[in-house]
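Shown next: protein_27.cif, given as mmCIF, C-alpha atoms.
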```cif
data_upload
#
loop_
_atom_site.label_atom_id
_atom_site.label_comp_id
_atom_site.auth_asym_id
_atom_site.auth_seq_id
_atom_site.Cartn_x
_atom_site.Cartn_y
_atom_site.Cartn_z
CA MET A 1104 16.16 34.53 -9.26
CA GLU A 1105 18.41 33.86 -12.24
CA LEU A 1106 21.08 36.01 -10.55
CA LEU A 1107 21.01 33.73 -7.50
CA ALA A 1108 21.52 30.68 -9.70
CA VAL A 1109 24.40 32.30 -11.61
CA LEU A 1110 26.11 33.34 -8.38
CA ALA A 1111 25.66 29.82 -6.98
CA MET A 1112 27.26 28.38 -10.12
CA ALA A 1113 30.21 30.77 -9.81
CA PHE A 1114 30.79 29.81 -6.17
CA TYR A 1115 30.47 26.08 -6.97
CA LEU A 1116 33.08 26.51 -9.69
CA LEU A 1117 35.35 28.42 -7.32
CA ALA A 1118 34.92 25.75 -4.63
CA ALA A 1119 35.71 22.97 -7.11
CA PHE A 1120 38.90 24.69 -8.30
CA ALA A 1121 39.93 25.35 -4.70
CA CYS A 1122 39.49 21.67 -3.84
CA VAL A 1123 41.60 20.61 -6.84
CA HIS A 1124 44.30 23.05 -5.79
CA ASN A 1125 44.21 21.80 -2.21
CA LEU A 1126 44.53 18.19 -3.36
CA PHE A 1127 47.97 18.84 -4.79
CA ASN A 1128 48.96 21.26 -2.05
CA PRO A 1129 47.99 19.38 1.13
CA HIS A 1130 49.89 21.80 3.38
CA ASN A 1131 48.16 24.81 1.89
CA GLN A 1132 46.22 26.85 4.45
CA GLY A 1133 43.60 27.93 1.90
CA ARG A 1134 41.16 25.06 2.41
CA ARG A 1135 38.88 27.26 4.47
CA TYR A 1136 38.43 29.58 1.49
CA GLY A 1137 37.26 26.69 -0.65
CA LEU A 1138 34.82 25.64 2.06
CA LEU A 1139 33.64 29.25 2.40
CA ALA A 1140 32.96 29.37 -1.34
CA ALA A 1141 31.06 26.08 -1.05
CA VAL A 1142 28.93 27.41 1.82
CA CYS A 1143 28.07 30.50 -0.25
CA ALA A 1144 27.13 28.27 -3.20
CA LEU A 1145 24.95 26.07 -0.99
CA LEU A 1146 23.12 29.03 0.54
CA LEU A 1147 22.47 30.61 -2.86
CA HIS A 1148 21.45 27.27 -4.36
CA GLY A 1149 19.08 26.60 -1.47
CA THR A 1150 17.52 30.07 -1.71
CA TRP A 1151 16.99 29.62 -5.43
CA LEU A 1152 15.36 26.22 -4.90
CA VAL A 1153 13.06 27.62 -2.19
CA ASN A 1154 11.82 30.25 -4.61
CA THR A 1155 11.53 27.71 -7.44
CA VAL A 1156 9.93 24.84 -5.54
CA VAL A 1157 8.13 26.20 -2.49
CA LEU A 1158 7.02 29.72 -3.25
CA VAL A 1159 4.54 28.76 -5.96
CA PRO A 1160 0.92 27.50 -5.71
CA GLY A 1161 1.67 24.08 -4.29
CA GLN A 1162 5.17 22.71 -4.77
CA ASN A 1163 6.87 22.26 -8.12
CA LEU A 1164 8.56 18.87 -7.76
CA SER A 1165 9.68 18.42 -11.34
CA MET A 1166 12.39 15.85 -12.01
CA LEU A 1167 15.14 18.46 -12.36
CA ASN A 1168 13.98 20.33 -9.27
CA VAL A 1169 14.14 17.13 -7.24
CA ALA A 1170 17.51 16.17 -8.76
CA SER A 1171 18.87 19.63 -7.98
CA LEU A 1172 17.56 19.32 -4.41
CA VAL A 1173 19.32 15.96 -4.03
CA SER A 1174 22.56 17.47 -5.34
CA LEU A 1175 22.19 20.28 -2.80
CA ILE A 1176 21.72 17.77 0.05
CA VAL A 1177 24.68 15.67 -1.10
CA ALA A 1178 26.93 18.72 -1.51
CA GLY A 1179 25.87 20.04 1.90
CA LEU A 1180 26.49 16.73 3.68
CA MET A 1181 29.82 16.24 1.92
CA THR A 1182 30.92 19.76 2.85
CA LEU A 1183 30.17 18.95 6.49
CA LEU A 1184 31.93 15.58 6.36
CA VAL A 1185 34.91 16.26 4.10
CA THR A 1186 37.32 17.32 6.84
CA ARG A 1187 36.44 14.24 8.90
CA PHE A 1188 36.42 11.77 5.99
CA ASN A 1189 39.39 13.39 4.20
CA VAL A 1190 37.79 12.77 0.81
CA TRP A 1191 38.79 16.03 -0.85
CA VAL A 1192 39.28 14.13 -4.11
CA LEU A 1193 35.50 13.70 -4.39
CA MET A 1194 34.58 17.32 -3.77
CA PRO A 1195 35.22 18.68 -7.30
CA VAL A 1196 32.91 15.93 -8.59
CA VAL A 1197 30.23 16.74 -6.00
CA TYR A 1198 30.34 20.49 -6.60
CA GLY A 1199 30.59 20.05 -10.37
CA PHE A 1200 27.55 17.78 -10.42
CA ALA A 1201 25.54 20.25 -8.33
CA LEU A 1202 26.57 23.01 -10.73
CA LEU A 1203 25.52 21.03 -13.82
CA LEU A 1204 22.12 20.12 -12.33
CA LEU A 1205 21.56 23.75 -11.36
CA VAL A 1206 22.34 24.83 -14.93
CA ALA A 1207 19.98 22.18 -16.34
CA ASP A 1208 17.23 23.12 -13.88
CA MET A 1209 17.50 26.80 -14.77
CA LEU A 1210 17.62 26.30 -18.55
CA LEU A 1211 15.06 23.46 -18.75
CA PRO A 1212 12.36 24.31 -16.22
CA GLY A 1213 9.69 21.66 -15.69
CA HIS A 1214 6.41 21.52 -13.84
CA TYR A 1215 5.05 18.77 -11.61
CA THR A 1216 2.81 20.39 -9.03
CA MET A 1217 1.98 18.73 -5.73
CA HIS A 1218 0.15 20.09 -2.68
CA LEU A 1219 2.09 18.71 0.25
CA GLU A 1220 0.62 21.26 2.67
CA THR A 1221 -2.58 19.22 2.67
CA ARG A 1222 -0.78 15.86 3.00
CA PRO A 1223 1.97 16.09 5.64
CA GLU A 1224 2.43 12.31 5.58
CA VAL A 1225 3.51 12.54 1.93
CA LEU A 1226 5.97 15.30 2.85
CA VAL A 1227 7.47 13.05 5.54
CA HIS A 1228 7.67 10.15 3.07
CA ILE A 1229 9.38 12.27 0.41
CA THR A 1230 11.80 13.85 2.90
CA LEU A 1231 12.86 10.45 4.24
CA GLY A 1232 13.25 9.14 0.70
CA LEU A 1233 15.42 12.06 -0.44
CA MET A 1234 17.62 11.93 2.66
CA SER A 1235 18.13 8.16 2.36
CA TYR A 1236 18.89 8.48 -1.36
CA SER A 1237 21.41 11.24 -0.65
CA LEU A 1238 23.21 9.25 2.06
CA LEU A 1239 23.32 6.12 -0.08
CA GLY A 1240 24.49 8.21 -3.04
CA ILE A 1241 27.40 9.47 -0.94
CA ALA A 1242 28.08 5.86 0.07
CA CYS A 1243 28.21 4.96 -3.62
CA LEU A 1244 30.82 7.68 -4.21
CA LEU A 1245 32.88 6.35 -1.30
CA ALA A 1246 32.55 2.81 -2.68
CA ILE A 1247 33.85 3.94 -6.08
CA LEU A 1248 36.74 5.76 -4.40
CA LEU A 1249 37.43 2.65 -2.30
CA GLY A 1250 37.55 0.52 -5.45
CA PHE A 1251 39.90 3.00 -7.15
CA LEU A 1252 42.26 3.11 -4.19
CA ASP A 1253 42.21 -0.68 -3.84
CA HIS A 1254 43.07 -1.04 -7.52
CA ARG A 1255 45.93 1.46 -7.23
CA LEU A 1256 47.20 -0.27 -4.10
CA LYS A 1257 47.37 -3.60 -5.90
CA LYS A 1258 49.33 -1.89 -8.70
CA HIS A 1259 51.62 -0.26 -6.10
CA LYS A 1260 50.78 3.20 -7.43
CA LEU A 1261 49.30 4.89 -4.37
CA THR A 1262 52.45 6.97 -3.86
CA ASN A 1263 51.65 9.04 -6.96
CA LEU A 1264 48.27 10.15 -5.63
CA PRO A 1265 47.45 13.20 -3.51
CA ALA A 1266 46.50 12.76 0.15
CA MET A 1267 43.90 10.03 0.57
CA PRO A 1268 42.16 8.50 3.58
CA PRO A 1269 43.31 5.05 4.79
CA LEU A 1270 41.37 2.22 3.14
CA MET A 1271 40.14 0.75 6.42
CA THR A 1272 38.91 4.16 7.59
CA LEU A 1273 37.15 4.76 4.29
CA GLU A 1274 35.48 1.35 4.46
CA ARG A 1275 34.30 2.03 8.02
CA TYR A 1276 32.72 5.33 7.00
CA LEU A 1277 31.16 3.63 3.98
CA PHE A 1278 29.28 1.12 6.13
CA ARG A 1279 28.20 3.79 8.60
CA LEU A 1280 26.65 5.75 5.75
CA ILE A 1281 24.99 2.66 4.30
CA PHE A 1282 23.53 1.78 7.70
CA ALA A 1283 22.17 5.30 8.22
CA GLY A 1284 20.79 5.35 4.68
CA VAL A 1285 19.10 1.96 5.12
CA VAL A 1286 17.47 3.12 8.36
CA LEU A 1287 16.01 6.17 6.60
CA LEU A 1288 15.04 4.09 3.57
CA THR A 1289 13.24 1.63 5.87
CA LEU A 1290 11.31 4.52 7.44
CA SER A 1291 10.50 5.91 3.98
CA ILE A 1292 9.15 2.58 2.72
CA SER A 1293 7.23 2.02 5.97
CA SER A 1294 5.63 5.48 5.78
CA GLY A 1295 4.62 4.78 2.20
CA LEU A 1296 3.06 1.44 3.10
CA PHE A 1297 1.13 2.95 6.00
CA PHE A 1298 0.04 6.30 4.56
CA LEU A 1299 0.06 6.10 0.75
CA GLN A 1300 -2.76 4.04 -0.68
CA GLU A 1301 -1.53 4.74 -4.23
CA MET A 1302 1.98 3.39 -3.57
CA PHE A 1303 1.24 0.25 -5.63
CA SER A 1304 -1.03 1.92 -8.17
CA PRO A 1305 -0.33 1.07 -11.85
CA GLY A 1306 1.68 4.23 -12.48
CA LYS A 1307 3.82 3.93 -9.34
CA VAL A 1308 4.21 0.22 -8.67
CA HIS A 1309 7.58 0.04 -10.44
CA LYS A 1310 8.98 2.71 -8.09
CA ALA A 1311 7.83 0.77 -5.03
CA VAL A 1312 9.17 -2.54 -6.36
CA LEU A 1313 12.58 -1.11 -7.36
CA THR A 1314 12.90 0.68 -4.01
CA ILE A 1315 12.13 -2.51 -2.09
CA ILE A 1316 14.61 -4.46 -4.23
CA ALA A 1317 17.26 -1.79 -3.51
CA TRP A 1318 16.45 -2.06 0.19
CA CYS A 1319 16.96 -5.84 0.01
CA VAL A 1320 20.30 -5.29 -1.75
CA TYR A 1321 21.55 -2.94 0.95
CA VAL A 1322 20.28 -5.12 3.80
CA GLY A 1323 21.97 -8.10 2.16
CA LEU A 1324 25.18 -6.09 1.90
CA LEU A 1325 25.11 -5.16 5.59
CA TRP A 1326 24.32 -8.76 6.56
CA GLY A 1327 27.07 -10.13 4.31
CA HIS A 1328 29.62 -7.72 5.73
CA HIS A 1329 28.64 -8.42 9.34
CA ARG A 1330 28.14 -12.18 9.14
CA LEU A 1331 30.31 -13.27 6.23
CA GLY A 1332 32.99 -10.61 6.27
CA TRP A 1333 32.28 -9.25 2.80
CA ARG A 1334 34.84 -6.70 1.67
CA GLY A 1335 36.41 -5.41 -1.50
CA ARG A 1336 34.69 -5.85 -4.83
CA LYS A 1337 31.51 -7.42 -3.42
CA VAL A 1338 30.93 -4.36 -1.28
CA ILE A 1339 31.76 -1.91 -4.07
CA TRP A 1340 29.60 -3.48 -6.77
CA THR A 1341 26.68 -4.15 -4.42
CA SER A 1342 26.71 -0.54 -3.23
CA VAL A 1343 26.77 0.76 -6.81
CA ALA A 1344 23.97 -1.64 -7.80
CA GLY A 1345 21.79 -0.45 -4.91
CA SER A 1346 22.35 3.19 -5.84
CA LEU A 1347 21.47 2.51 -9.49
CA LEU A 1348 18.26 0.74 -8.46
CA LEU A 1349 17.22 3.70 -6.31
CA THR A 1350 18.04 6.10 -9.15
CA LEU A 1351 15.81 4.12 -11.51
CA ALA A 1352 13.08 4.02 -8.87
CA TYR A 1353 13.14 7.76 -8.14
CA PHE A 1354 13.90 9.19 -11.58
CA GLY A 1355 13.29 6.49 -14.21
CA SER A 1356 9.59 7.02 -14.91
CA ARG A 1357 9.88 10.78 -14.33
CA PHE A 1358 12.58 10.94 -17.02
CA VAL A 1359 10.39 9.07 -19.49
CA ARG A 1360 7.31 11.15 -18.70
CA GLU A 1361 8.87 14.62 -18.41
CA VAL A 1362 11.78 14.41 -20.88
CA LEU A 1363 11.04 11.75 -23.49
CA LEU A 1364 7.27 12.24 -23.62
CA GLY A 1365 7.28 15.88 -22.60
CA SER A 1366 4.24 15.55 -20.36
#
```
Would you mind writing the file out in structure tokens?
Amino acid sequence: MELLAVLAMAFYLLAAFACVHNLFNPHNQGRRYGLLAAVCALLLHGTWLVNTVVLVPGQNLSMLNVASLVSLIVAGLMTLLVTRFNVWVLMPVVYGFALLLLVADMLLPGHYTMHLETRPEVLVHITLGLMSYSLLGIACLLAILLGFLDHRLKKHKLTNLPAMPPLMTLERYLFRLIFAGVVLLTLSISSGLFFLQEMFSPGKVHKAVLTIIAWCVYVGLLWGHHRLGWRGRKVIWTSVAGSLLLTLAYFGSRFVREVLLGS
């Protein structure tokens, strides 16, 4: 299994370098080779995670396993969307982050066993939560890129940058992702309220509260954009704030328990 992880890391690294090369050579015909390397990395990464998470008694949903799974989902979605969104500048970051989490997961294995086969409603809740977090994480990356491009535009320095998507197009894709993420997040919260009696138990109440606050932030952002015409910095900072709240909700207590306390 370690060989799978090492090969996935090598292909992620190759894909990242290929994307950097393509950024400064926009007419290069080698983009498909970078995408091919990324697909190989994703397949190897996914196979390694299946053997690490699923093929054990129960499911090992340690913090790093879940974080690595999220990075796999984000990298997979971005690989599918990159040619449409034209956000090649983000791909080295996406692939590099997936590589680093894979390294950490392999070198620092953790254990948090669940038995989702006996509780399909929990599996649905977790799947919806991870998919919504991944989509909103991608939206956060697009928001940061939007802020960077807006800043460069105001400084009249966009001409020195490699090929970038138009700002209006990027903003449109950003809100589409936020809307899709909010729909999945709504379903995740609803499934938790209906099926998980322990959702507001003492050890998990902070996760529920932070997730609901993040949901309110995103809904407020969509409402403000639609009704009040919010754009620019309000959109960027609100999107980043929502993503940070979800990160604290999903990984905050797990980090304290598994890393700081070692339990």
Item to check | Best match for closeness to A:Arg1187 among A:His1148, A:Tyr1276, A:Lys1337, A:Asn1168, counting only C-alpha atoms | outcome: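 The closest residue to A:Arg1187 is A:Tyr1276.
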Item to check | Shell of 10 Å around A:Ala1121, only C-alpha atoms, local chain residues under 3 positions omitted, as JSON, numbers by chain | outcome: {"A": [1115, 1116, 1117, 1118, 1124, 1125, 1126, 1133, 1134, 1135, 1136, 1137, 1138, 1140, 1141, 1194, 1195]}
Item to check | 12 Å contact set for A:Leu1233, only C-alpha atoms, chain neighbours under 6 positions out, as a count of residues only | outcome: 24
I would like the residues chosen by the PyMOL selection byres ((chain A and resi 1163) around 6) on the shown file; could you give them as a PDB file with C-alpha atoms, keeping the file's coordinate frame?
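Output file expr_39.pdb is given in full below:
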```pdb
ATOM      1  CA  VAL A1156       9.930  24.840  -5.540  1.00  0.00           C
ATOM      2  CA  GLN A1162       5.170  22.710  -4.770  1.00  0.00           C
ATOM      3  CA  LEU A1164       8.560  18.870  -7.760  1.00  0.00           C
ATOM      4  CA  SER A1165       9.680  18.420 -11.340  1.00  0.00           C
ATOM      5  CA  HIS A1214       6.410  21.520 -13.840  1.00  0.00           C
ATOM      6  CA  TYR A1215       5.050  18.770 -11.610  1.00  0.00           C
ATOM      7  CA  THR A1216       2.810  20.390  -9.030  1.00  0.00           C
TER       8      THR A1216
END
```
Checklist entry - What is the distance between atom CA of A:Arg1279 and atom CA of A:Leu1203, in Å to one decimal? => result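 Calculated distance between atom CA of A:Arg1279 and atom CA of A:Leu1203 is 28.4 Å.
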Checklist entry - What separation in Å, quoted to one decimal, exists between atom CA of A:Val1206 and atom CA of A:Leu1147? => result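 According to the coordinates, atom CA of A:Val1206 and atom CA of A:Leu1147 are separated by 13.4 Å.
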Item to check | Interatomic distance (Å, one decimal) between atom CA of A:Met1302 and atom CA of A:Glu1224 | outcome: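 Straight-line distance from atom CA of A:Met1302 to atom CA of A:Glu1224 works out to 12.8 Å.
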Item to check | Matched chain/residue IDs from the PyMOL selection byres ((chain A and resi 1248) around 10), as a ChimeraX atom specification | outcome: /A:1190,1192-1193,1242-1247,1249-1254,1267,1270,1273-1274,1339
Item to check | Counting only C-alpha atoms, the residue of A:Leu1107, A:Leu1184, A:Leu1146, A:Trp1191 that sits nearest A:Cys1122 | outcome: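 Of all the options, A:Trp1191 lies closest to A:Cys1122.
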Checklist entry - Can you list what the PyMOL selection byres ((chain A and resi 1310) around 12) grabs from this structure, as a list in words? => result Gly1232, Ile1292, Gly1295, Glu1301, Met1302, Phe1303, Ser1304, Pro1305, Gly1306, Lys1307, Val1308, His1309, Ala1311, Val1312, Leu1313, Thr1314, Ile1315, Ile1316, Ala1317, Leu1348, Leu1349, Thr1350, Leu1351, Ala1352, Tyr1353, Phe1354, Gly1355, Ser1356 and Arg1357 of chain A
